[in-house]
>>> print(open('input_9.pdb').read())   # PDB, C-alpha atoms
ATOM      1  CA  MET Q   1     -59.152 -90.887 -18.234
ATOM      2  CA  ASN Q   2     -57.532 -94.289 -18.518
ATOM      3  CA  ASP Q   3     -53.931 -95.221 -17.764
ATOM      4  CA  GLY Q   4     -52.518 -94.765 -21.308
ATOM      5  CA  ASP Q   5     -54.415 -91.523 -21.917
ATOM      6  CA  ALA Q   6     -52.619 -88.227 -22.273
ATOM      7  CA  MET Q   7     -53.698 -84.605 -22.109
ATOM      8  CA  THR Q   8     -51.456 -81.624 -22.860
ATOM      9  CA  PHE Q   9     -52.246 -77.941 -22.317
ATOM     10  CA  LEU Q  10     -51.027 -76.447 -25.618
ATOM     11  CA  ALA Q  11     -52.127 -72.832 -25.906
ATOM     12  CA  VAL Q  12     -54.338 -69.996 -24.758
ATOM     13  CA  ASP Q  13     -55.564 -66.834 -26.483
ATOM     14  CA  VAL Q  14     -56.858 -64.047 -24.219
ATOM     15  CA  TYR Q  15     -59.029 -61.281 -25.678
ATOM     16  CA  PRO Q  16     -60.297 -58.015 -24.167
ATOM     17  CA  GLY Q  17     -63.490 -58.533 -22.222
ATOM     18  CA  SER Q  18     -64.320 -61.946 -20.888
ATOM     19  CA  HIS Q  19     -63.125 -64.296 -23.622
ATOM     20  CA  ALA Q  20     -60.256 -66.757 -23.511
ATOM     21  CA  TYR Q  21     -59.663 -69.768 -25.721
ATOM     22  CA  PHE Q  22     -57.701 -72.802 -24.545
ATOM     23  CA  VAL Q  23     -56.268 -75.586 -26.696
ATOM     24  CA  LEU Q  24     -56.061 -78.945 -24.935
ATOM     25  CA  ASP Q  25     -54.686 -81.982 -26.724
ATOM     26  CA  VAL Q  26     -56.432 -85.143 -25.559
ATOM     27  CA  ASN Q  27     -54.955 -88.433 -26.823
ATOM     28  CA  ASN Q  28     -53.696 -86.989 -30.104
ATOM     29  CA  VAL Q  29     -50.817 -89.327 -30.917
ATOM     30  CA  ASP Q  30     -50.178 -87.463 -34.201
ATOM     31  CA  TYR Q  31     -49.274 -84.101 -32.570
ATOM     32  CA  VAL Q  32     -45.606 -83.229 -33.132
ATOM     33  CA  TYR Q  33     -44.394 -79.993 -31.513
ATOM     34  CA  GLU Q  34     -41.518 -79.507 -33.956
ATOM     35  CA  THR Q  35     -43.767 -79.526 -37.053
ATOM     36  CA  ALA Q  36     -47.021 -78.144 -35.604
ATOM     37  CA  HIS Q  37     -46.537 -74.832 -37.463
ATOM     38  CA  THR Q  38     -46.983 -76.696 -40.791
ATOM     39  CA  ASP Q  39     -49.626 -79.241 -39.721
ATOM     40  CA  THR Q  40     -52.832 -78.773 -41.748
ATOM     41  CA  SER Q  41     -54.846 -81.410 -39.876
ATOM     42  CA  PRO Q  42     -58.168 -80.152 -38.537
ATOM     43  CA  ILE Q  43     -58.575 -79.852 -34.793
ATOM     44  CA  HIS Q  44     -61.817 -81.121 -33.270
ATOM     45  CA  ILE Q  45     -63.278 -78.113 -31.487
ATOM     46  CA  TYR Q  46     -65.536 -78.294 -28.452
ATOM     47  CA  VAL Q  47     -66.829 -75.132 -26.826
ATOM     48  CA  LEU Q  48     -67.177 -75.056 -23.058
ATOM     49  CA  ARG Q  49     -69.616 -72.406 -21.878
ATOM     50  CA  LEU Q  50     -69.687 -71.402 -18.249
ATOM     51  CA  SER Q  51     -72.515 -69.394 -16.783
ATOM     52  CA  LYS Q  52     -74.074 -68.973 -13.374
ATOM     53  CA  ARG Q  53     -77.027 -71.137 -14.379
ATOM     54  CA  LYS Q  54     -75.536 -73.771 -16.665
ATOM     55  CA  ILE Q  55     -72.347 -75.391 -17.885
ATOM     56  CA  SER Q  56     -72.365 -76.914 -21.366
ATOM     57  CA  ILE Q  57     -69.902 -78.434 -23.812
ATOM     58  CA  ASN Q  58     -70.752 -78.663 -27.503
ATOM     59  CA  ARG Q  59     -68.933 -79.860 -30.614
ATOM     60  CA  GLN Q  60     -68.346 -76.952 -33.045
ATOM     61  CA  ARG Q  61     -67.292 -78.434 -36.402
ATOM     62  CA  GLN Q  62     -67.509 -75.043 -38.145
ATOM     63  CA  LEU Q  63     -64.552 -73.853 -36.029
ATOM     64  CA  ASP Q  64     -62.206 -76.805 -36.748
ATOM     65  CA  ALA Q  65     -60.302 -75.253 -39.671
ATOM     66  CA  THR Q  66     -60.235 -71.720 -38.230
ATOM     67  CA  ILE Q  67     -58.806 -72.801 -34.878
ATOM     68  CA  ALA Q  68     -56.294 -75.146 -36.529
ATOM     69  CA  LYS Q  69     -55.047 -72.232 -38.671
ATOM     70  CA  ARG Q  70     -54.766 -69.969 -35.605
ATOM     71  CA  PHE Q  71     -52.894 -72.678 -33.673
ATOM     72  CA  ARG Q  72     -50.421 -73.144 -36.565
ATOM     73  CA  ALA Q  73     -49.831 -69.378 -36.586
ATOM     74  CA  MET Q  74     -49.189 -69.408 -32.830
ATOM     75  CA  HIS Q  75     -46.671 -72.252 -33.209
ATOM     76  CA  ASN Q  76     -44.931 -70.383 -36.011
ATOM     77  CA  GLY Q  77     -44.824 -67.101 -34.105
ATOM     78  CA  HIS Q  78     -43.657 -68.540 -30.792
ATOM     79  CA  GLY Q  79     -40.782 -70.465 -32.355
ATOM     80  CA  ASP Q  80     -39.468 -72.928 -29.771
ATOM     81  CA  ASP Q  81     -41.218 -71.367 -26.759
ATOM     82  CA  PRO Q  82     -42.315 -73.963 -24.204
ATOM     83  CA  LEU Q  83     -45.952 -75.031 -23.965
ATOM     84  CA  PRO Q  84     -48.469 -73.692 -23.274
ATOM     85  CA  LEU Q  85     -48.211 -70.904 -25.820
ATOM     86  CA  LEU Q  86     -49.862 -67.640 -24.714
ATOM     87  CA  ASP Q  87     -51.150 -64.734 -26.799
ATOM     88  CA  ASP Q  88     -52.734 -62.014 -24.631
ATOM     89  CA  PHE Q  89     -54.482 -59.491 -26.869
ATOM     90  CA  ASN Q  90     -55.049 -57.146 -23.931
ATOM     91  CA  ARG Q  91     -51.545 -55.922 -24.851
ATOM     92  CA  THR Q  92     -49.411 -55.986 -27.979
ATOM     93  CA  VAL Q  93     -48.520 -59.547 -28.971
ATOM     94  CA  GLU Q  94     -44.902 -59.822 -30.118
ATOM     95  CA  TYR Q  95     -43.094 -62.862 -31.499
ATOM     96  CA  HIS Q  96     -39.327 -62.845 -31.002
ATOM     97  CA  SER Q  97     -38.135 -65.859 -33.022
ATOM     98  CA  PRO Q  98     -40.791 -67.095 -35.481
ATOM     99  CA  ARG Q  99     -40.150 -70.465 -37.077
ATOM    100  CA  GLY Q 100     -40.947 -69.036 -40.513
ATOM    101  CA  LEU Q 101     -37.872 -66.760 -40.405
ATOM    102  CA  ARG Q 102     -35.414 -69.633 -39.984
ATOM    103  CA  ARG Q 103     -33.271 -70.860 -42.822
TER     104      ARG Q 103
END
>>> encode(input="input_9.pdb", output="C-alpha coordinates")
Amino acid sequence: MNDGDAMTFLAVDVYPGSHAYFVLDVNNVDYVYETAHTDTSPIHIYVLRLSKRKISINRQRQLDATIAKRFRAMHNGHGDDPLPLLDDFNRTVEYHSPRGLRR
(Lines of atoms letter the chains of each structure in order from A and count residues from 1; the text may use other names and numbers.)
(Lines give C-alpha, C1' and ligand atoms only; values in the text may rest on other atoms or scores of the structure.)
Protein backbone atom coordinates (compact mmCIF):
# COMPACT_ATOMS: atom_id res chain seq x y z
CA MET A 1 0.00 0.00 0.00
CA ASN A 2 1.07 3.57 -0.60
CA ASP A 3 1.18 6.42 1.91
CA GLY A 4 -2.32 7.85 1.25
CA ASP A 5 -3.96 4.42 1.10
CA ALA A 6 -6.43 3.30 3.73
CA MET A 7 -7.85 -0.05 4.75
CA THR A 8 -10.60 -0.56 7.34
CA PHE A 9 -11.82 -3.86 8.79
CA LEU A 10 -15.61 -3.36 8.61
CA ALA A 11 -17.40 -6.62 9.37
CA VAL A 12 -17.31 -10.37 9.74
CA ASP A 13 -20.00 -13.04 9.45
CA VAL A 14 -19.23 -16.43 11.04
CA TYR A 15 -21.25 -19.49 10.02
CA PRO A 16 -21.34 -23.03 11.46
CA GLY A 17 -18.62 -25.20 9.99
CA SER A 18 -15.57 -23.59 8.50
CA HIS A 19 -16.92 -20.48 6.80
CA ALA A 20 -16.35 -16.86 7.74
CA TYR A 21 -16.77 -13.79 5.57
CA PHE A 22 -14.79 -10.60 6.16
CA VAL A 23 -15.51 -7.15 4.73
CA LEU A 24 -12.41 -5.01 4.24
CA ASP A 25 -12.69 -1.51 2.84
CA VAL A 26 -9.65 -0.64 0.74
CA ASN A 27 -9.40 2.99 -0.43
CA ASN A 28 -13.15 3.54 -0.60
CA VAL A 29 -13.40 7.29 -0.09
CA ASP A 30 -17.20 7.14 -0.50
CA TYR A 31 -17.84 4.93 2.58
CA VAL A 32 -19.74 6.82 5.29
CA TYR A 33 -20.40 4.91 8.52
CA GLU A 34 -23.42 7.01 9.49
CA THR A 35 -25.33 6.28 6.25
CA ALA A 36 -23.97 2.82 5.36
CA HIS A 37 -27.31 1.19 6.27
CA THR A 38 -28.95 3.02 3.32
CA ASP A 39 -26.06 2.87 0.83
CA THR A 40 -27.08 0.92 -2.30
CA SER A 41 -23.66 1.07 -3.97
CA PRO A 42 -22.31 -2.32 -5.02
CA ILE A 43 -19.30 -3.68 -3.18
CA HIS A 44 -16.53 -5.25 -5.26
CA ILE A 45 -16.22 -8.78 -3.94
CA TYR A 46 -13.04 -10.84 -4.02
CA VAL A 47 -12.98 -14.34 -2.59
CA LEU A 48 -9.86 -15.51 -0.81
CA ARG A 49 -9.59 -19.29 -0.67
CA LEU A 50 -7.12 -20.91 1.67
CA SER A 51 -6.19 -24.54 1.39
CA LYS A 52 -3.20 -26.67 2.29
CA ARG A 53 -2.11 -26.80 -1.35
CA LYS A 54 -3.03 -23.39 -2.74
CA ILE A 55 -4.06 -19.86 -1.88
CA SER A 56 -6.12 -17.95 -4.45
CA ILE A 57 -8.00 -14.68 -4.72
CA ASN A 58 -10.67 -14.20 -7.38
CA ARG A 59 -13.08 -11.42 -8.30
CA GLN A 60 -16.71 -12.56 -7.81
CA ARG A 61 -18.98 -10.02 -9.54
CA GLN A 62 -22.07 -12.19 -9.02
CA LEU A 63 -21.76 -11.62 -5.25
CA ASP A 64 -21.47 -7.79 -5.36
CA ALA A 65 -25.16 -6.98 -4.83
CA THR A 66 -25.81 -9.82 -2.36
CA ILE A 67 -22.92 -8.89 -0.09
CA ALA A 68 -23.74 -5.18 -0.28
CA LYS A 69 -27.32 -5.96 0.83
CA ARG A 70 -26.05 -8.12 3.71
CA PHE A 71 -23.60 -5.41 4.79
CA ARG A 72 -26.39 -2.78 4.79
CA ALA A 73 -28.49 -5.10 6.96
CA MET A 74 -25.59 -5.54 9.39
CA HIS A 75 -25.13 -1.76 9.64
CA ASN A 76 -28.84 -1.31 10.26
CA GLY A 77 -28.99 -4.05 12.88
CA HIS A 78 -25.87 -3.03 14.79
CA GLY A 79 -26.94 0.60 15.09
CA ASP A 80 -23.93 2.62 16.23
CA ASP A 81 -21.80 -0.35 17.32
CA PRO A 82 -18.09 0.21 16.68
CA LEU A 83 -16.36 -1.46 13.73
CA PRO A 84 -15.80 -4.23 12.95
CA LEU A 85 -19.37 -5.47 13.09
CA LEU A 86 -19.69 -9.16 14.04
CA ASP A 87 -22.53 -11.60 13.38
CA ASP A 88 -21.72 -15.10 14.69
CA PHE A 89 -24.37 -17.54 13.45
CA ASN A 90 -23.02 -20.28 15.70
CA ARG A 91 -25.34 -18.66 18.27
CA THR A 92 -28.44 -16.49 18.09
CA VAL A 93 -27.67 -13.11 16.53
CA GLU A 94 -29.44 -10.28 18.35
CA TYR A 95 -29.50 -6.59 17.47
CA HIS A 96 -30.13 -4.26 20.41
CA SER A 97 -30.56 -0.83 18.77
CA PRO A 98 -31.21 -1.10 15.01
CA ARG A 99 -30.96 2.12 13.04
CA GLY A 100 -34.28 1.38 11.33
CA LEU A 101 -36.19 1.72 14.63
CA ARG A 102 -35.04 5.30 15.24
CA ARG A 103 -37.31 8.24 14.68
>>> residues_near_point(input="input_9.pdb", point="(-41.0, -67.0, -37.4)", cutoff="12 Å", atoms="all atoms listed in the file", output="list in words")
His37, Thr38, Arg72, Ala73, Met74, His75, Asn76, Gly77, His78, Gly79, Asp80, Asp81, Glu94, Tyr95, His96, Ser97, Pro98, Arg99, Gly100, Leu101, Arg102 and Arg103 of chain Q
>>> write_last_selection(input="input_9.pdb", atoms="C-alpha atoms", output="CSV table (one decimal), keeping the file's coordinate frame")
chain,number,residue,atom,x,y,z
Q,37,HIS,CA,-46.5,-74.8,-37.5
Q,38,THR,CA,-47.0,-76.7,-40.8
Q,72,ARG,CA,-50.4,-73.1,-36.6
Q,73,ALA,CA,-49.8,-69.4,-36.6
Q,74,MET,CA,-49.2,-69.4,-32.8
Q,75,HIS,CA,-46.7,-72.3,-33.2
Q,76,ASN,CA,-44.9,-70.4,-36.0
Q,77,GLY,CA,-44.8,-67.1,-34.1
Q,78,HIS,CA,-43.7,-68.5,-30.8
Q,79,GLY,CA,-40.8,-70.5,-32.4
Q,80,ASP,CA,-39.5,-72.9,-29.8
Q,81,ASP,CA,-41.2,-71.4,-26.8
Q,94,GLU,CA,-44.9,-59.8,-30.1
Q,95,TYR,CA,-43.1,-62.9,-31.5
Q,96,HIS,CA,-39.3,-62.8,-31.0
Q,97,SER,CA,-38.1,-65.9,-33.0
Q,98,PRO,CA,-40.8,-67.1,-35.5
Q,99,ARG,CA,-40.2,-70.5,-37.1
Q,100,GLY,CA,-40.9,-69.0,-40.5
Q,101,LEU,CA,-37.9,-66.8,-40.4
Q,102,ARG,CA,-35.4,-69.6,-40.0
Q,103,ARG,CA,-33.3,-70.9,-42.8
>>> resolve_selection(input="input_9.pdb", expression="the PyMOL selection byres ((chain Q and resi 17) around 12)", output="PyMOL selection string")
chain Q and resi 14-16+18-20+88-90
>>> residues_around(input="input_9.pdb", residues="segment 6-12 of chain Q", least_positions_apart="3", cutoff="7 Å", atoms="only C-alpha atoms", output="number ranges by chain")
Q: 20-27, 83-87
>>> atom_distance(input="input_9.pdb", atom1="atom CA of Asn58 of chain Q", atom2="atom CA of Tyr31 of chain Q")
22.7 Å
>>> resolve_selection(input="input_9.pdb", expression="the PyMOL selection byres ((chain Q and resi 47) around 6)", output="VMD selection string")
chain Q and resid 46 48 57 to 58
>>> axis_aligned_box(input="input_9.pdb", around="segment 60-67 of chain Q", padding_each_side="6 Å", output="lines of an AutoDock Vina configuration file")
center_x = -63.6
center_y = -75.1
center_z = -36.4
size_x = 21.5
size_y = 18.7
size_z = 18.6
>>> atom_distance(input="input_9.pdb", atom1="atom CA of Ile43 of chain Q", atom2="atom CA of Phe71 of chain Q")
9.2 Å
>>> atom_distance(input="input_9.pdb", atom1="atom CA of Thr35 of chain Q", atom2="atom CA of Leu63 of chain Q")
21.6 Å
>>> resolve_selection(input="input_9.pdb", expression="the PyMOL selection byres ((chain Q and resi 40) around 9)", output="list in words")
Ala36, His37, Thr38, Asp39, Ser41, Pro42, Ala65, Ala68, Lys69 and Arg72 of chain Q
>>> write_last_selection(input="input_9.pdb", atoms="C-alpha atoms", output="mmCIF file, in the coordinates of the input")
data_model
loop_
_atom_site.group_PDB
_atom_site.id
_atom_site.type_symbol
_atom_site.label_atom_id
_atom_site.label_comp_id
_atom_site.auth_asym_id
_atom_site.auth_seq_id
_atom_site.Cartn_x
_atom_site.Cartn_y
_atom_site.Cartn_z
ATOM 1 C CA ALA Q 36 -47.021 -78.144 -35.604
ATOM 2 C CA HIS Q 37 -46.537 -74.832 -37.463
ATOM 3 C CA THR Q 38 -46.983 -76.696 -40.791
ATOM 4 C CA ASP Q 39 -49.626 -79.241 -39.721
ATOM 5 C CA SER Q 41 -54.846 -81.410 -39.876
ATOM 6 C CA PRO Q 42 -58.168 -80.152 -38.537
ATOM 7 C CA ALA Q 65 -60.302 -75.253 -39.671
ATOM 8 C CA ALA Q 68 -56.294 -75.146 -36.529
ATOM 9 C CA LYS Q 69 -55.047 -72.232 -38.671
ATOM 10 C CA ARG Q 72 -50.421 -73.144 -36.565
#
>>> closest_residue(input="input_9.pdb", among="Q:Ile45, Q:Thr92, Q:Asp30, Q:Asp13", to="Asp64 of chain Q", atoms="only C-alpha atoms")
Q:Ile45
>>> build_atoms(input="input_9.pdb", residues="segment 39-57 of chain Q", atoms="N, CA, C and O atoms", output="PDB file, in the frame of the given file")
ATOM      1  N   ASP Q  39     -48.602 -78.197 -39.754  1.00  0.00           N
ATOM      2  CA  ASP Q  39     -49.626 -79.241 -39.721  1.00  0.00           C
ATOM      3  C   ASP Q  39     -50.971 -78.670 -40.177  1.00  0.00           C
ATOM      4  O   ASP Q  39     -51.474 -77.720 -39.596  1.00  0.00           O
ATOM      5  N   THR Q  40     -51.548 -79.256 -41.222  1.00  0.00           N
ATOM      6  CA  THR Q  40     -52.832 -78.773 -41.748  1.00  0.00           C
ATOM      7  C   THR Q  40     -54.003 -79.655 -41.310  1.00  0.00           C
ATOM      8  O   THR Q  40     -55.115 -79.495 -41.808  1.00  0.00           O
ATOM      9  N   SER Q  41     -53.763 -80.550 -40.370  1.00  0.00           N
ATOM     10  CA  SER Q  41     -54.846 -81.410 -39.876  1.00  0.00           C
ATOM     11  C   SER Q  41     -55.874 -80.577 -39.124  1.00  0.00           C
ATOM     12  O   SER Q  41     -55.513 -79.668 -38.374  1.00  0.00           O
ATOM     13  N   PRO Q  42     -57.157 -80.886 -39.303  1.00  0.00           N
ATOM     14  CA  PRO Q  42     -58.168 -80.152 -38.537  1.00  0.00           C
ATOM     15  C   PRO Q  42     -58.084 -80.527 -37.056  1.00  0.00           C
ATOM     16  O   PRO Q  42     -57.614 -81.602 -36.705  1.00  0.00           O
ATOM     17  N   ILE Q  43     -58.506 -79.618 -36.233  1.00  0.00           N
ATOM     18  CA  ILE Q  43     -58.575 -79.852 -34.793  1.00  0.00           C
ATOM     19  C   ILE Q  43     -60.049 -79.965 -34.436  1.00  0.00           C
ATOM     20  O   ILE Q  43     -60.849 -79.131 -34.846  1.00  0.00           O
ATOM     21  N   HIS Q  44     -60.419 -80.966 -33.678  1.00  0.00           N
ATOM     22  CA  HIS Q  44     -61.817 -81.121 -33.270  1.00  0.00           C
ATOM     23  C   HIS Q  44     -62.105 -80.140 -32.144  1.00  0.00           C
ATOM     24  O   HIS Q  44     -61.521 -80.231 -31.065  1.00  0.00           O
ATOM     25  N   ILE Q  45     -62.997 -79.203 -32.416  1.00  0.00           N
ATOM     26  CA  ILE Q  45     -63.278 -78.113 -31.487  1.00  0.00           C
ATOM     27  C   ILE Q  45     -64.545 -78.391 -30.686  1.00  0.00           C
ATOM     28  O   ILE Q  45     -65.591 -78.720 -31.239  1.00  0.00           O
ATOM     29  N   TYR Q  46     -64.408 -78.229 -29.381  1.00  0.00           N
ATOM     30  CA  TYR Q  46     -65.536 -78.294 -28.452  1.00  0.00           C
ATOM     31  C   TYR Q  46     -65.544 -76.985 -27.680  1.00  0.00           C
ATOM     32  O   TYR Q  46     -64.499 -76.510 -27.237  1.00  0.00           O
ATOM     33  N   VAL Q  47     -66.704 -76.394 -27.535  1.00  0.00           N
ATOM     34  CA  VAL Q  47     -66.829 -75.132 -26.826  1.00  0.00           C
ATOM     35  C   VAL Q  47     -67.430 -75.400 -25.449  1.00  0.00           C
ATOM     36  O   VAL Q  47     -68.503 -75.992 -25.330  1.00  0.00           O
ATOM     37  N   LEU Q  48     -66.720 -74.957 -24.431  1.00  0.00           N
ATOM     38  CA  LEU Q  48     -67.177 -75.056 -23.058  1.00  0.00           C
ATOM     39  C   LEU Q  48     -67.724 -73.698 -22.660  1.00  0.00           C
ATOM     40  O   LEU Q  48     -67.017 -72.694 -22.719  1.00  0.00           O
ATOM     41  N   ARG Q  49     -68.984 -73.663 -22.302  1.00  0.00           N
ATOM     42  CA  ARG Q  49     -69.616 -72.406 -21.878  1.00  0.00           C
ATOM     43  C   ARG Q  49     -69.916 -72.498 -20.377  1.00  0.00           C
ATOM     44  O   ARG Q  49     -70.526 -73.445 -19.913  1.00  0.00           O
ATOM     45  N   LEU Q  50     -69.463 -71.474 -19.689  1.00  0.00           N
ATOM     46  CA  LEU Q  50     -69.687 -71.402 -18.249  1.00  0.00           C
ATOM     47  C   LEU Q  50     -70.597 -70.227 -17.953  1.00  0.00           C
ATOM     48  O   LEU Q  50     -70.350 -69.116 -18.408  1.00  0.00           O
ATOM     49  N   SER Q  51     -71.646 -70.477 -17.227  1.00  0.00           N
ATOM     50  CA  SER Q  51     -72.515 -69.394 -16.783  1.00  0.00           C
ATOM     51  C   SER Q  51     -72.967 -69.711 -15.362  1.00  0.00           C
ATOM     52  O   SER Q  51     -72.739 -70.816 -14.865  1.00  0.00           O
ATOM     53  N   LYS Q  52     -73.619 -68.758 -14.744  1.00  0.00           N
ATOM     54  CA  LYS Q  52     -74.074 -68.973 -13.374  1.00  0.00           C
ATOM     55  C   LYS Q  52     -75.164 -70.042 -13.303  1.00  0.00           C
ATOM     56  O   LYS Q  52     -75.319 -70.706 -12.298  1.00  0.00           O
ATOM     57  N   ARG Q  53     -75.914 -70.193 -14.378  1.00  0.00           N
ATOM     58  CA  ARG Q  53     -77.027 -71.137 -14.379  1.00  0.00           C
ATOM     59  C   ARG Q  53     -76.697 -72.496 -14.974  1.00  0.00           C
ATOM     60  O   ARG Q  53     -77.278 -73.496 -14.596  1.00  0.00           O
ATOM     61  N   LYS Q  54     -75.728 -72.532 -15.911  1.00  0.00           N
ATOM     62  CA  LYS Q  54     -75.536 -73.771 -16.665  1.00  0.00           C
ATOM     63  C   LYS Q  54     -74.115 -73.873 -17.209  1.00  0.00           C
ATOM     64  O   LYS Q  54     -73.512 -72.883 -17.599  1.00  0.00           O
ATOM     65  N   ILE Q  55     -73.618 -75.088 -17.232  1.00  0.00           N
ATOM     66  CA  ILE Q  55     -72.347 -75.391 -17.885  1.00  0.00           C
ATOM     67  C   ILE Q  55     -72.660 -76.338 -19.033  1.00  0.00           C
ATOM     68  O   ILE Q  55     -73.387 -77.316 -18.867  1.00  0.00           O
ATOM     69  N   SER Q  56     -72.115 -76.036 -20.221  1.00  0.00           N
ATOM     70  CA  SER Q  56     -72.365 -76.914 -21.366  1.00  0.00           C
ATOM     71  C   SER Q  56     -71.094 -77.078 -22.182  1.00  0.00           C
ATOM     72  O   SER Q  56     -70.223 -76.212 -22.178  1.00  0.00           O
ATOM     73  N   ILE Q  57     -71.003 -78.195 -22.883  1.00  0.00           N
ATOM     74  CA  ILE Q  57     -69.902 -78.434 -23.812  1.00  0.00           C
ATOM     75  C   ILE Q  57     -70.518 -78.960 -25.101  1.00  0.00           C
ATOM     76  O   ILE Q  57     -71.335 -79.875 -25.078  1.00  0.00           O
TER      77      ILE Q  57
END
